[in-house]
>>> print(open('upload00.cif').read())   # mmCIF, C-alpha atoms
data_coords
#
loop_
_atom_site.label_atom_id
_atom_site.label_comp_id
_atom_site.auth_asym_id
_atom_site.auth_seq_id
_atom_site.Cartn_x
_atom_site.Cartn_y
_atom_site.Cartn_z
CA MET D 1 -66.94 -9.96 10.64
CA ASN D 2 -63.96 -9.23 12.85
CA ALA D 3 -60.54 -8.04 11.75
CA VAL D 4 -58.87 -11.43 12.12
CA ASN D 5 -61.24 -13.07 9.67
CA CYS D 6 -60.37 -10.44 7.08
CA LEU D 7 -56.74 -11.52 6.97
CA PRO D 8 -55.75 -13.77 4.07
CA ARG D 9 -55.26 -17.38 5.00
CA TYR D 10 -51.74 -18.66 4.32
CA PRO D 11 -50.85 -22.33 4.25
CA ALA D 12 -49.22 -23.56 7.42
CA LEU D 13 -45.47 -23.06 7.45
CA PRO D 14 -43.33 -26.16 7.93
CA ARG D 15 -41.90 -26.72 11.38
CA LEU D 16 -38.33 -25.52 11.67
CA THR D 17 -37.08 -29.00 12.52
CA ALA D 18 -38.65 -30.34 9.35
CA VAL D 19 -36.56 -28.03 7.15
CA PRO D 20 -33.51 -30.03 6.03
CA TYR D 21 -30.99 -27.25 6.52
CA ALA D 22 -32.38 -26.06 9.87
CA SER D 23 -30.32 -28.54 11.85
CA ARG D 24 -27.18 -27.43 10.03
CA MET D 25 -27.54 -23.83 11.09
CA ASP D 26 -26.27 -24.42 14.60
CA ARG D 27 -23.73 -27.13 13.87
CA ARG D 28 -20.25 -26.76 15.25
CA PRO D 29 -17.65 -24.97 13.16
CA GLU D 30 -15.62 -26.97 10.65
CA ASP D 31 -12.10 -28.00 11.61
CA SER D 32 -10.64 -26.03 8.73
CA THR D 33 -12.52 -22.91 9.85
CA LEU D 34 -11.09 -23.30 13.33
CA MET D 35 -7.61 -23.77 11.93
CA LEU D 36 -7.95 -20.64 9.80
CA ARG D 37 -9.18 -18.71 12.83
CA TYR D 38 -6.19 -19.94 14.78
CA ARG D 39 -3.94 -18.85 11.92
CA ASP D 40 -5.36 -15.36 12.43
CA GLY D 41 -4.52 -15.45 16.13
CA ASP D 42 -7.66 -16.95 17.69
CA VAL D 43 -6.28 -19.29 20.37
CA GLU D 44 -9.74 -20.39 21.49
CA ALA D 45 -10.36 -21.81 18.03
CA PHE D 46 -7.25 -23.91 18.39
CA GLU D 47 -8.33 -25.12 21.80
CA THR D 48 -11.66 -26.24 20.36
CA LEU D 49 -9.86 -28.01 17.54
CA TYR D 50 -7.43 -29.61 19.93
CA ARG D 51 -10.15 -30.90 22.27
CA ARG D 52 -11.89 -32.40 19.28
CA HIS D 53 -8.91 -34.39 18.04
CA SER D 54 -6.53 -34.86 20.95
CA ASP D 55 -7.90 -38.11 22.39
CA PRO D 56 -8.28 -40.01 19.11
CA LEU D 57 -4.80 -38.90 18.03
CA TYR D 58 -3.37 -39.89 21.37
CA ARG D 59 -4.92 -43.37 21.16
CA TYR D 60 -3.79 -43.72 17.55
CA LEU D 61 -0.19 -42.96 18.46
CA LEU D 62 -0.37 -45.08 21.59
CA ARG D 63 -1.43 -48.12 19.61
CA ARG D 64 0.96 -47.47 16.79
CA CYS D 65 3.97 -47.02 19.05
CA ARG D 66 2.82 -49.40 21.79
CA HIS D 67 4.98 -47.34 24.13
CA ARG D 68 3.43 -44.60 26.24
CA ASP D 69 6.43 -42.25 26.51
CA THR D 70 7.13 -42.44 22.81
CA ALA D 71 3.46 -41.86 22.02
CA GLU D 72 3.43 -38.78 24.24
CA ASP D 73 6.58 -37.41 22.64
CA LEU D 74 5.16 -37.96 19.19
CA PHE D 75 1.82 -36.49 20.22
CA GLN D 76 3.53 -33.29 21.29
CA GLU D 77 5.66 -33.26 18.17
CA VAL D 78 2.60 -33.61 15.92
CA TRP D 79 0.72 -30.75 17.56
CA GLY D 80 3.89 -28.67 17.55
CA LYS D 81 4.10 -29.12 13.79
CA ILE D 82 0.42 -28.24 13.39
CA VAL D 83 0.97 -25.07 15.40
CA LYS D 84 4.04 -24.08 13.42
CA SER D 85 2.44 -24.77 10.07
CA ARG D 86 -0.67 -22.69 10.74
CA ALA D 87 0.53 -19.82 8.55
CA ARG D 88 0.92 -22.19 5.59
CA TYR D 89 -2.30 -24.06 6.23
CA ARG D 90 -4.71 -24.15 3.29
CA PRO D 91 -8.07 -25.91 3.66
CA THR D 92 -7.61 -27.99 0.53
CA ALA D 93 -8.26 -31.27 2.33
CA LYS D 94 -10.08 -32.38 5.43
CA PHE D 95 -8.23 -31.26 8.56
CA THR D 96 -8.26 -34.80 9.96
CA THR D 97 -6.43 -36.03 6.88
CA PHE D 98 -3.87 -33.25 7.34
CA LEU D 99 -3.47 -34.04 11.05
CA TYR D 100 -3.00 -37.78 10.60
CA ARG D 101 -0.69 -37.25 7.67
CA VAL D 102 1.54 -35.20 9.95
CA ALA D 103 1.23 -37.91 12.60
CA GLN D 104 2.16 -40.56 10.05
CA ASN D 105 5.25 -38.60 9.02
CA CYS D 106 6.27 -38.07 12.63
CA PHE D 107 5.91 -41.78 13.31
CA ILE D 108 7.98 -42.71 10.25
CA ASP D 109 10.66 -40.22 11.30
CA HIS D 110 10.61 -41.76 14.73
CA LEU D 111 11.09 -45.22 13.25
CA ARG D 112 14.06 -43.98 11.30
CA ARG D 113 15.57 -42.37 14.36
CA ASN D 114 15.31 -45.44 16.58
CA ARG D 115 13.73 -48.81 16.99
CA LYS D 116 12.34 -48.19 20.42
CA HIS D 117 8.81 -49.12 19.43
CA GLU D 118 9.97 -52.63 18.72
CA ALA D 119 10.54 -53.21 22.39
CA GLY D 120 7.68 -54.86 24.28
CA ALA D 121 4.47 -52.95 24.60
CA ASP D 122 4.01 -51.12 27.86
CA ILE D 123 0.34 -50.25 27.52
CA ASP D 124 -2.06 -52.28 29.56
CA PRO D 125 -4.98 -53.87 27.81
CA ASP D 126 -8.19 -52.35 29.09
CA THR D 127 -9.80 -54.52 31.73
CA GLN D 128 -11.98 -52.02 33.56
CA ALA D 129 -15.58 -53.00 34.13
CA GLY D 130 -18.39 -50.62 33.27
CA PRO D 131 -20.80 -49.61 36.03
CA GLY D 132 -24.02 -51.56 36.48
CA VAL D 133 -23.04 -54.44 34.21
CA ASP D 134 -23.53 -58.14 34.80
CA PRO D 135 -20.19 -59.38 36.25
CA ASP D 136 -20.16 -62.55 34.10
CA HIS D 137 -20.93 -60.66 30.96
CA GLU D 138 -18.41 -57.98 31.83
CA ALA D 139 -15.74 -60.59 32.50
CA GLU D 140 -16.44 -62.02 29.07
CA ARG D 141 -16.27 -58.58 27.42
CA SER D 142 -13.09 -57.80 29.30
CA LEU D 143 -11.55 -60.98 28.02
CA ALA D 144 -12.68 -60.12 24.52
CA ARG D 145 -11.12 -56.67 24.81
CA GLN D 146 -7.88 -58.26 25.96
CA ARG D 147 -7.95 -60.59 23.00
CA LEU D 148 -8.65 -57.70 20.69
CA ALA D 149 -5.80 -55.68 22.16
CA VAL D 150 -3.39 -58.58 21.75
CA ALA D 151 -4.58 -59.27 18.21
CA LEU D 152 -4.34 -55.58 17.34
CA ALA D 153 -0.80 -55.43 18.63
CA ALA D 154 0.04 -58.52 16.60
CA LEU D 155 -1.23 -57.04 13.34
CA PRO D 156 1.33 -56.01 10.74
CA ASP D 157 2.10 -52.27 10.99
CA GLU D 158 0.31 -51.37 7.75
CA GLN D 159 -2.87 -53.21 8.70
CA ARG D 160 -2.90 -51.81 12.22
CA ASP D 161 -2.34 -48.32 10.82
CA VAL D 162 -5.29 -48.58 8.46
CA PHE D 163 -7.54 -50.04 11.15
CA LEU D 164 -6.63 -47.28 13.62
CA LEU D 165 -7.15 -44.55 11.02
CA TYR D 166 -10.56 -46.02 10.34
CA GLU D 167 -11.60 -46.45 13.96
CA GLU D 168 -9.93 -43.48 15.62
CA ALA D 169 -9.75 -40.82 12.95
CA HIS D 170 -12.99 -41.94 11.26
CA LEU D 171 -11.40 -41.51 7.86
CA THR D 172 -12.88 -42.89 4.67
CA LEU D 173 -10.96 -45.31 2.50
CA GLU D 174 -9.93 -42.47 0.18
CA GLN D 175 -8.64 -40.43 3.09
CA ILE D 176 -6.84 -43.41 4.59
CA ALA D 177 -5.22 -43.98 1.21
CA ALA D 178 -4.14 -40.33 1.13
CA VAL D 179 -2.67 -40.47 4.62
CA THR D 180 -0.82 -43.73 4.14
CA GLY D 181 0.29 -42.98 0.60
CA VAL D 182 -1.28 -46.01 -1.04
CA ASN D 183 -4.19 -46.39 -3.42
CA ARG D 184 -7.75 -46.92 -2.28
CA GLU D 185 -7.82 -50.63 -3.10
CA THR D 186 -4.67 -51.31 -1.10
CA ALA D 187 -6.12 -49.43 1.87
CA LYS D 188 -9.35 -51.38 1.54
CA SER D 189 -7.50 -54.67 1.33
CA ARG D 190 -5.44 -53.87 4.43
CA LEU D 191 -8.53 -52.88 6.35
CA ARG D 192 -10.31 -56.08 5.32
CA TYR D 193 -7.38 -58.25 6.45
CA ALA D 194 -7.07 -56.36 9.73
CA VAL D 195 -10.75 -56.67 10.54
CA ALA D 196 -10.80 -60.34 9.57
CA LYS D 197 -7.88 -61.13 11.88
CA LEU D 198 -9.38 -59.20 14.78
CA LYS D 199 -12.73 -60.84 14.29
CA ALA D 200 -11.12 -64.24 14.19
CA ALA D 201 -9.29 -63.49 17.44
CA ILE D 202 -12.53 -62.52 19.17
CA LYS D 203 -14.40 -65.55 17.84
CA GLU D 204 -11.58 -67.80 18.96
CA GLN D 205 -11.98 -66.43 22.45
CA ILE D 206 -15.74 -67.02 22.36
CA ALA D 207 -15.20 -70.58 21.15
CA ASP D 208 -12.69 -71.16 23.94
CA SER D 209 -15.14 -69.92 26.54
CA VAL D 210 -17.90 -72.15 25.15
CA GLU D 211 -15.68 -75.21 25.19
CA ALA D 212 -14.49 -74.52 28.70
CA PRO D 213 -16.56 -76.40 31.38
CA MET B 214 -21.35 -42.11 11.98
CA ASN B 215 -21.25 -39.65 9.12
CA ASP B 216 -22.31 -40.16 5.53
CA GLU B 217 -18.82 -40.88 4.29
CA ARG B 218 -18.47 -43.60 6.89
CA SER B 219 -21.79 -45.14 6.03
CA GLY B 220 -20.60 -45.21 2.44
CA LEU B 221 -17.55 -47.12 3.54
CA ARG B 222 -19.72 -49.50 5.59
CA ALA B 223 -21.53 -50.34 2.40
CA ASP B 224 -18.25 -51.78 1.17
CA ASP B 225 -18.66 -54.42 3.87
CA VAL B 226 -15.07 -54.02 4.93
CA ALA B 227 -15.47 -53.12 8.58
CA ASP B 228 -17.23 -55.23 11.17
CA PRO B 229 -19.66 -53.65 13.68
CA GLU B 230 -18.76 -56.15 16.39
CA VAL B 231 -15.06 -55.39 16.10
CA SER B 232 -15.77 -51.68 16.01
CA ALA B 233 -17.96 -51.87 19.12
CA LEU B 234 -15.38 -53.88 21.03
CA TYR B 235 -12.60 -51.55 19.93
CA SER B 236 -14.56 -48.50 21.09
CA GLU B 237 -14.84 -50.17 24.52
CA LEU B 238 -11.14 -50.92 24.48
CA ALA B 239 -10.04 -47.48 23.37
CA ALA B 240 -10.80 -45.50 26.48
CA GLU B 241 -7.48 -43.76 27.02
CA ARG B 242 -7.53 -40.01 27.40
CA THR B 243 -4.75 -37.56 26.72
CA PRO B 244 -2.89 -36.83 29.98
CA ALA B 245 -3.67 -33.38 31.40
CA SER B 246 0.01 -32.45 31.47
CA LEU B 247 0.21 -33.10 27.73
CA ASN B 248 -2.89 -30.99 27.10
CA GLU B 249 -1.41 -28.13 29.06
CA ALA B 250 1.92 -28.34 27.26
CA VAL B 251 0.35 -28.31 23.80
CA LEU B 252 -2.11 -25.52 24.57
CA ARG B 253 0.62 -23.43 26.20
CA GLN B 254 2.78 -23.81 23.11
CA ALA B 255 -0.15 -22.93 20.84
CA THR B 256 -0.97 -19.82 22.86
CA ARG B 257 2.63 -18.67 22.97
CA THR B 258 3.21 -19.22 19.27
CA ALA B 259 -0.10 -17.68 18.21
CA GLY B 260 0.57 -14.51 20.17
CA ARG B 261 4.01 -14.19 18.66
CA GLY B 262 2.85 -14.86 15.16
CA TYR B 263 -0.06 -12.48 15.45
CA ALA B 264 2.12 -9.68 16.80
CA ARG B 265 4.61 -10.32 14.02
CA SER B 266 1.95 -10.17 11.37
CA ILE B 267 0.56 -6.92 12.80
CA ALA B 268 4.03 -5.40 12.98
CA TRP B 269 4.53 -6.38 9.37
CA MET B 270 1.22 -5.08 8.12
CA ARG B 271 1.13 -1.61 9.70
CA PRO B 272 4.11 -0.10 7.87
CA MET B 273 2.87 -1.80 4.73
CA ALA B 274 -0.52 -0.13 5.12
CA TRP B 275 1.10 3.26 5.72
CA ALA B 276 3.37 2.89 2.71
CA ALA B 277 0.41 1.91 0.54
CA THR B 278 -1.61 4.93 1.75
CA ILE B 279 1.23 7.38 1.11
CA GLY B 280 1.90 5.86 -2.29
CA LEU B 281 -1.76 6.17 -3.22
CA CYS B 282 -1.87 9.82 -2.12
CA LEU B 283 1.23 10.63 -4.16
CA ALA B 284 -0.23 8.91 -7.20
CA ILE B 285 -3.43 10.93 -6.90
CA VAL B 286 -1.52 14.22 -6.52
CA ILE B 287 0.67 13.47 -9.54
CA GLU B 288 -2.35 12.46 -11.56
CA LEU B 289 -4.18 15.68 -10.69
CA ALA B 290 -1.11 17.76 -11.55
CA ASP B 291 -0.91 16.10 -14.94
CA VAL B 292 -4.56 16.80 -15.63
CA ALA B 293 -4.13 20.52 -14.81
CA GLU B 294 -1.14 20.95 -17.17
CA PRO B 295 -2.11 22.54 -20.53
CA GLU B 296 -1.50 20.21 -23.41
CA ILE B 297 -0.47 21.89 -26.60
CA GLY B 298 -1.90 20.19 -29.61
CA ALA B 299 -4.97 18.91 -27.79
CA ASP B 300 -8.39 20.34 -27.09
CA GLY B 301 -7.74 20.28 -23.38
CA PHE B 302 -5.73 23.49 -23.63
CA ALA B 303 -8.64 25.87 -23.46
CA GLY B 304 -10.20 23.98 -20.55
CA ALA B 305 -6.93 24.11 -18.68
CA VAL B 306 -6.69 27.84 -19.12
CA ARG B 307 -10.22 28.28 -17.89
CA SER B 308 -9.85 26.01 -14.89
CA LYS B 309 -6.53 27.46 -13.76
CA PRO B 310 -6.25 31.14 -14.39
CA ALA B 311 -2.95 31.54 -12.57
CA ALA B 312 -0.66 34.02 -14.31
CA PRO B 313 2.52 31.90 -14.61
CA ARG B 314 0.62 29.03 -16.14
CA GLU B 315 -1.13 31.30 -18.59
CA ALA B 316 2.07 33.01 -19.42
CA ALA B 317 3.63 29.68 -20.21
CA ALA B 318 0.64 28.75 -22.31
CA ALA B 319 0.81 31.99 -24.18
CA ARG B 320 4.54 31.62 -24.67
CA GLU B 321 4.10 28.14 -26.04
CA ALA B 322 1.24 29.26 -28.22
CA ALA B 323 3.43 31.94 -29.66
CA THR B 324 6.39 29.66 -30.35
CA ILE B 325 4.97 26.27 -31.20
CA GLY B 326 3.33 26.00 -34.49
CA THR B 327 1.43 22.76 -33.93
CA GLY B 328 -1.14 23.88 -31.35
CA ALA B 329 -4.81 23.19 -31.83
CA PHE B 330 -6.48 26.53 -31.22
CA HIS B 331 -9.90 27.47 -32.27
CA VAL B 332 -11.23 30.87 -33.05
CA THR B 333 -13.09 30.75 -29.74
CA ASP B 334 -9.75 30.40 -27.94
CA ALA B 335 -8.48 33.73 -29.15
CA PRO B 336 -10.17 35.88 -26.48
CA LEU B 337 -8.94 33.52 -23.80
CA LEU B 338 -5.40 33.68 -25.12
CA GLU B 339 -5.66 37.40 -25.31
CA GLU B 340 -6.83 37.57 -21.71
CA ALA B 341 -4.12 35.17 -20.57
CA ALA B 342 -1.44 37.13 -22.33
CA ALA B 343 -2.71 40.37 -20.85
CA ILE B 344 -2.61 38.99 -17.32
CA ALA B 345 0.81 37.51 -17.94
CA ARG B 346 2.08 40.75 -19.33
CA LEU B 347 0.82 42.70 -16.33
CA ARG B 348 2.49 40.22 -13.99
CA GLY B 349 5.58 40.10 -16.15
CA GLU B 350 6.05 43.86 -16.05
CA SER B 351 6.44 43.66 -12.33
CA ASP B 352 9.03 40.84 -12.39
CA GLY B 353 10.60 41.59 -15.77
CA THR B 354 9.44 38.43 -17.54
CA ALA B 355 7.02 39.93 -19.98
CA VAL B 356 5.81 37.62 -22.70
CA ARG B 357 5.62 38.38 -26.35
CA PRO B 358 2.36 39.84 -27.46
CA LEU B 359 -0.11 37.46 -28.95
CA ALA B 360 -0.31 37.81 -32.63
CA GLY B 361 -3.68 37.65 -34.19
CA SER B 362 -5.13 39.59 -31.37
CA GLY B 363 -4.54 42.93 -33.02
CA ALA B 364 -4.96 45.11 -30.01
CA VAL B 365 -2.39 43.25 -28.02
CA GLY B 366 1.20 44.32 -28.45
CA SER B 367 3.36 47.36 -27.98
CA GLY B 368 3.97 48.12 -31.68
CA PRO B 369 1.62 48.18 -34.68
CA ALA B 370 -0.02 44.75 -35.25
CA ALA B 371 1.10 42.76 -38.27
CA CYS B 372 -2.42 41.46 -38.88
CA SER B 373 -5.55 43.02 -37.45
CA ALA B 374 -8.12 41.18 -35.32
CA GLU B 375 -10.53 41.18 -38.26
CA ALA B 376 -7.86 39.57 -40.45
CA THR B 377 -7.10 36.83 -37.96
CA ALA B 378 -10.76 36.01 -37.34
CA LYS B 379 -10.76 33.63 -40.30
CA PRO B 380 -7.86 31.58 -41.63
CA GLU B 381 -8.43 32.74 -45.20
CA THR B 382 -8.20 36.43 -44.30
CA TRP B 383 -5.26 35.72 -42.00
CA LEU B 384 -3.45 34.01 -44.88
CA ASP B 385 -4.19 37.00 -47.10
CA CYS B 386 -2.63 39.22 -44.48
CA ILE B 387 0.46 36.99 -44.35
CA ARG B 388 0.81 37.14 -48.14
CA ALA B 389 0.51 40.93 -47.98
CA LEU B 390 3.31 41.01 -45.39
CA ARG B 391 5.53 38.88 -47.62
CA GLU B 392 4.88 41.14 -50.57
CA ALA B 393 5.83 44.07 -48.42
CA GLY B 394 9.15 42.39 -47.62
CA ARG B 395 8.27 41.86 -43.92
CA ASP B 396 9.27 38.21 -44.05
CA ALA B 397 10.03 37.81 -40.35
CA GLU B 398 6.60 39.05 -39.38
CA ALA B 399 5.04 36.91 -42.10
CA GLU B 400 6.77 33.81 -40.71
CA GLU B 401 5.63 34.64 -37.21
CA GLN B 402 2.05 35.15 -38.38
CA GLU B 403 2.13 31.91 -40.30
CA ALA B 404 3.30 30.06 -37.23
CA LEU B 405 0.48 31.59 -35.23
CA LEU B 406 -2.00 30.74 -37.96
CA LEU B 407 -0.87 27.12 -37.90
CA ALA B 408 -1.11 27.10 -34.15
CA ALA B 409 -4.64 28.44 -34.26
CA PHE B 410 -5.84 26.41 -37.25
CA PRO B 411 -3.64 23.34 -37.47
CA ASP B 412 -5.92 21.73 -40.03
CA PHE B 413 -5.77 24.71 -42.38
CA ASP B 414 -3.69 24.27 -45.47
CA VAL B 415 -1.45 27.32 -45.81
CA ARG B 416 0.11 26.24 -49.12
#
>>> encode(input="upload00.cif", output="structure tokens")
Amino acid sequence: MNAVNCLPRYPALPRLTAVPYASRMDRRPEDSTLMLRYRDGDVEAFETLYRRHSDPLYRYLLRRCRHRDTAEDLFQEVWGKIVKSRARYRPTAKFTTFLYRVAQNCFIDHLRRNRKHEAGADIDPDTQAGPGVDPDHEAERSLARQRLAVALAALPDEQRDVFLLYEEAHLTLEQIAAVTGVNRETAKSRLRYAVAKLKAAIKEQIADSVEAP
Amino acid sequence: MNDERSGLRADDVADPEVSALYSELAAERTPASLNEAVLRQATRTAGRGYARSIAWMRPMAWAATIGLCLAIVIELADVAEPEIGADGFAGAVRSKPAAPREAAAAREAATIGTGAFHVTDAPLLEEAAAIARLRGESDGTAVRPLAGSGAVGSGPAACSAEATAKPETWLDCIRALREAGRDAEAEEQEALLLAAFPDFDVR
């Protein structure tokens, strides 16, 4: 009998990937952790946080203001407030909720200051074609995107706000309610109306294209 | 899509087709100039804030350290002080045999009639008084001799060491002094008796 056979036989250990918490071990740091690190002077943490949220916030403001210069001003103002408030930051709520609440306040302040956003929209509806796509299909999608952009711009402010918070910030209904200062049912109702109108606009376009010779 | 979002999907509020089309539509990226401006501001502000917090905390840490040291020193000084009327007196005499302190202890023992001395303290008091007296002769601050220690003192002792060994015999000695008309000495001996045996009833 050799030495190996003398060793006790243990049941096979589960594979690391099969352990539920194994995948969580290497997940990226939480937003609130990054914010707290930035509060303590870690600029890299802020950069990570910024890269994570800058594009969605930019698109949110762009579609809310419908004016590029105003959106950029507000974008800078929002991040400026986040930077300044780092010492007071407490991770009591999700960072995204905190960020979009600040954005919401900045937008409301902007509305009070002037009515610039009421001027015609200066953002171009997206018409770019993706690579390697059927031209006919892409033309159809492009038209649908244009319809969606127009319908989105035509939505009442409250409904557009809720839709953008849902699509860009990926907030839940409770978080949307917290950001917009309404109850959950109101937020849900606004989102339902917004989605219904957008869907109707897209379907209308499809119906038009079917009817066309 | 995270769990919270899937929970919201279950509400059947959002539409996957609209979401997919919107994600195609929403392709704008933050302009590089804007990124630079925000990150520059964040870096500048963070550095300032951090330096400010450090500048704030260092003196605070020093002040806290000094305060702690002072508190410890004061606490230790209080512990070393002899406390008349408590059992800690004998320990204090033993732990700190410095002449001035012992002289003070002896002086207080001779004048305060509420001390809590035991019979076992008598040799220590005697020793302390002797040291204090030797020191006192050189600087002219000699203390009064300890009563009850018979051998200590320049004149004849009011009560002998044998008499002061027990409170009963000491009291007998005091009564004898009173009968002899030496009231001042009797009072002094009574005070010393009370200091040595505070729980003894002299009446």
>>> atom_distance(input="upload00.cif", atom1="atom CA of Ser85 of chain D", atom2="atom CA of Phe98 of chain D")
10.9 Å
>>> resolve_selection(input="upload00.cif", expression="the PyMOL selection byres ((chain B and resi 239) around 9)", output="CSV table (one decimal) with C-alpha atoms, in the coordinates of the input")
chain,number,residue,atom,x,y,z
D,56,PRO,CA,-8.3,-40.0,19.1
D,59,ARG,CA,-4.9,-43.4,21.2
D,126,ASP,CA,-8.2,-52.4,29.1
D,168,GLU,CA,-9.9,-43.5,15.6
B,234,LEU,CA,-15.4,-53.9,21.0
B,235,TYR,CA,-12.6,-51.6,19.9
B,236,SER,CA,-14.6,-48.5,21.1
B,237,GLU,CA,-14.8,-50.2,24.5
B,238,LEU,CA,-11.1,-50.9,24.5
B,240,ALA,CA,-10.8,-45.5,26.5
B,241,GLU,CA,-7.5,-43.8,27.0
B,242,ARG,CA,-7.5,-40.0,27.4
>>> resolve_selection(input="upload00.cif", expression="the PyMOL selection byres ((chain D and resi 30) around 12)", output="PyMOL selection string")
chain D and resi 24+26-29+31-37+45-46+48-49+52+91+93-96
>>> write_last_selection(input="upload00.cif", atoms="C-alpha atoms", output="compact mmCIF listing (two decimals), in the coordinates of the input")
# COMPACT_ATOMS: atom_id res chain seq x y z
CA ARG D 24 -27.18 -27.43 10.03
CA ASP D 26 -26.27 -24.42 14.60
CA ARG D 27 -23.73 -27.13 13.87
CA ARG D 28 -20.25 -26.76 15.25
CA PRO D 29 -17.65 -24.97 13.16
CA ASP D 31 -12.10 -28.00 11.61
CA SER D 32 -10.64 -26.03 8.73
CA THR D 33 -12.52 -22.91 9.85
CA LEU D 34 -11.09 -23.30 13.33
CA MET D 35 -7.61 -23.77 11.93
CA LEU D 36 -7.95 -20.64 9.80
CA ARG D 37 -9.18 -18.71 12.83
CA ALA D 45 -10.36 -21.81 18.03
CA PHE D 46 -7.25 -23.91 18.39
CA THR D 48 -11.66 -26.24 20.36
CA LEU D 49 -9.86 -28.01 17.54
CA ARG D 52 -11.89 -32.40 19.28
CA PRO D 91 -8.07 -25.91 3.66
CA ALA D 93 -8.26 -31.27 2.33
CA LYS D 94 -10.08 -32.38 5.43
CA PHE D 95 -8.23 -31.26 8.56
CA THR D 96 -8.26 -34.80 9.96
>>> residues_around(input="upload00.cif", residues="segment 175-185 of chain D", least_positions_apart="5", cutoff="12 Å", atoms="all atoms listed in the file", output="count of residues only")
37
>>> atom_distance(input="upload00.cif", atom1="atom CA of Ala196 of chain D", atom2="atom CA of Leu148 of chain D")
11.6 Å
>>> residues_around(input="upload00.cif", residues="Ala200 of chain D", least_positions_apart="2", cutoff="12 Å", atoms="all atoms listed in the file", output="PyMOL selection string")
(chain D and resi 144+147-148+151-152+193-198+202-207) or (chain B and resi 228+230-231)
>>> closest_residue(input="upload00.cif", among="B:Thr377, B:Ser246, B:Thr382, B:Thr256", to="chain D", atoms="all atoms listed in the file")
B:Thr256
>>> atom_distance(input="upload00.cif", atom1="atom CA of Asp412 of chain B", atom2="atom CA of Glu381 of chain B")
12.4 Å
>>> closest_residue(input="upload00.cif", among="D:Arg88, D:Arg113, D:Arg66, D:Arg51", to="chain B", atoms="all atoms listed in the file")
D:Arg51
>>> residues_around(input="upload00.cif", residues="Gln254 of chain B", least_positions_apart="2", cutoff="12 Å", atoms="all atoms listed in the file", output="list in words")
Val43, Phe46, Glu47, Gln76, Glu77, Trp79, Gly80, Lys81, Ile82, Val83 and Lys84 of chain D; Leu247, Asn248, Glu249, Ala250, Val251, Leu252, Thr256, Arg257, Thr258, Ala259, Gly260, Arg261 and Gly262 of chain B
>>> write_last_selection(input="upload00.cif", atoms="C-alpha atoms", output="short mmCIF file (atom, residue, chain, number, x, y, z; two decimals), in the frame of the given file")
data_model
loop_
_atom_site.label_atom_id
_atom_site.label_comp_id
_atom_site.auth_asym_id
_atom_site.auth_seq_id
_atom_site.Cartn_x
_atom_site.Cartn_y
_atom_site.Cartn_z
CA VAL D 43 -6.28 -19.29 20.37
CA PHE D 46 -7.25 -23.91 18.39
CA GLU D 47 -8.33 -25.12 21.80
CA GLN D 76 3.53 -33.29 21.29
CA GLU D 77 5.66 -33.26 18.17
CA TRP D 79 0.72 -30.75 17.56
CA GLY D 80 3.89 -28.67 17.55
CA LYS D 81 4.10 -29.12 13.79
CA ILE D 82 0.42 -28.24 13.39
CA VAL D 83 0.97 -25.07 15.40
CA LYS D 84 4.04 -24.08 13.42
CA LEU B 247 0.21 -33.10 27.73
CA ASN B 248 -2.89 -30.99 27.10
CA GLU B 249 -1.41 -28.13 29.06
CA ALA B 250 1.92 -28.34 27.26
CA VAL B 251 0.35 -28.31 23.80
CA LEU B 252 -2.11 -25.52 24.57
CA THR B 256 -0.97 -19.82 22.86
CA ARG B 257 2.63 -18.67 22.97
CA THR B 258 3.21 -19.22 19.27
CA ALA B 259 -0.10 -17.68 18.21
CA GLY B 260 0.57 -14.51 20.17
CA ARG B 261 4.01 -14.19 18.66
CA GLY B 262 2.85 -14.86 15.16
#
>>> build_atoms(input="upload00.cif", residues="segment 142-149 of chain D", atoms="N, CA and C atoms", output="PDB file, in the coordinates of the input")
ATOM      1  N   SER D 142     -14.461 -58.199  28.944  1.00  0.00           N
ATOM      2  CA  SER D 142     -13.090 -57.800  29.300  1.00  0.00           C
ATOM      3  C   SER D 142     -12.077 -58.720  28.631  1.00  0.00           C
ATOM      4  N   LEU D 143     -12.430 -60.000  28.655  1.00  0.00           N
ATOM      5  CA  LEU D 143     -11.550 -60.980  28.020  1.00  0.00           C
ATOM      6  C   LEU D 143     -11.481 -60.729  26.512  1.00  0.00           C
ATOM      7  N   ALA D 144     -12.627 -60.402  25.966  1.00  0.00           N
ATOM      8  CA  ALA D 144     -12.680 -60.120  24.520  1.00  0.00           C
ATOM      9  C   ALA D 144     -11.840 -58.886  24.193  1.00  0.00           C
ATOM     10  N   ARG D 145     -11.922 -57.889  25.034  1.00  0.00           N
ATOM     11  CA  ARG D 145     -11.120 -56.670  24.810  1.00  0.00           C
ATOM     12  C   ARG D 145      -9.629 -56.993  24.873  1.00  0.00           C
ATOM     13  N   GLN D 146      -9.302 -57.865  25.858  1.00  0.00           N
ATOM     14  CA  GLN D 146      -7.880 -58.260  25.960  1.00  0.00           C
ATOM     15  C   GLN D 146      -7.427 -58.983  24.704  1.00  0.00           C
ATOM     16  N   ARG D 147      -8.275 -59.863  24.233  1.00  0.00           N
ATOM     17  CA  ARG D 147      -7.950 -60.590  23.000  1.00  0.00           C
ATOM     18  C   ARG D 147      -7.779 -59.632  21.833  1.00  0.00           C
ATOM     19  N   LEU D 148      -8.701 -58.691  21.779  1.00  0.00           N
ATOM     20  CA  LEU D 148      -8.650 -57.700  20.690  1.00  0.00           C
ATOM     21  C   LEU D 148      -7.359 -56.889  20.769  1.00  0.00           C
ATOM     22  N   ALA D 149      -7.013 -56.486  21.995  1.00  0.00           N
ATOM     23  CA  ALA D 149      -5.800 -55.680  22.160  1.00  0.00           C
ATOM     24  C   ALA D 149      -4.571 -56.462  21.728  1.00  0.00           C
TER      25      ALA D 149
END
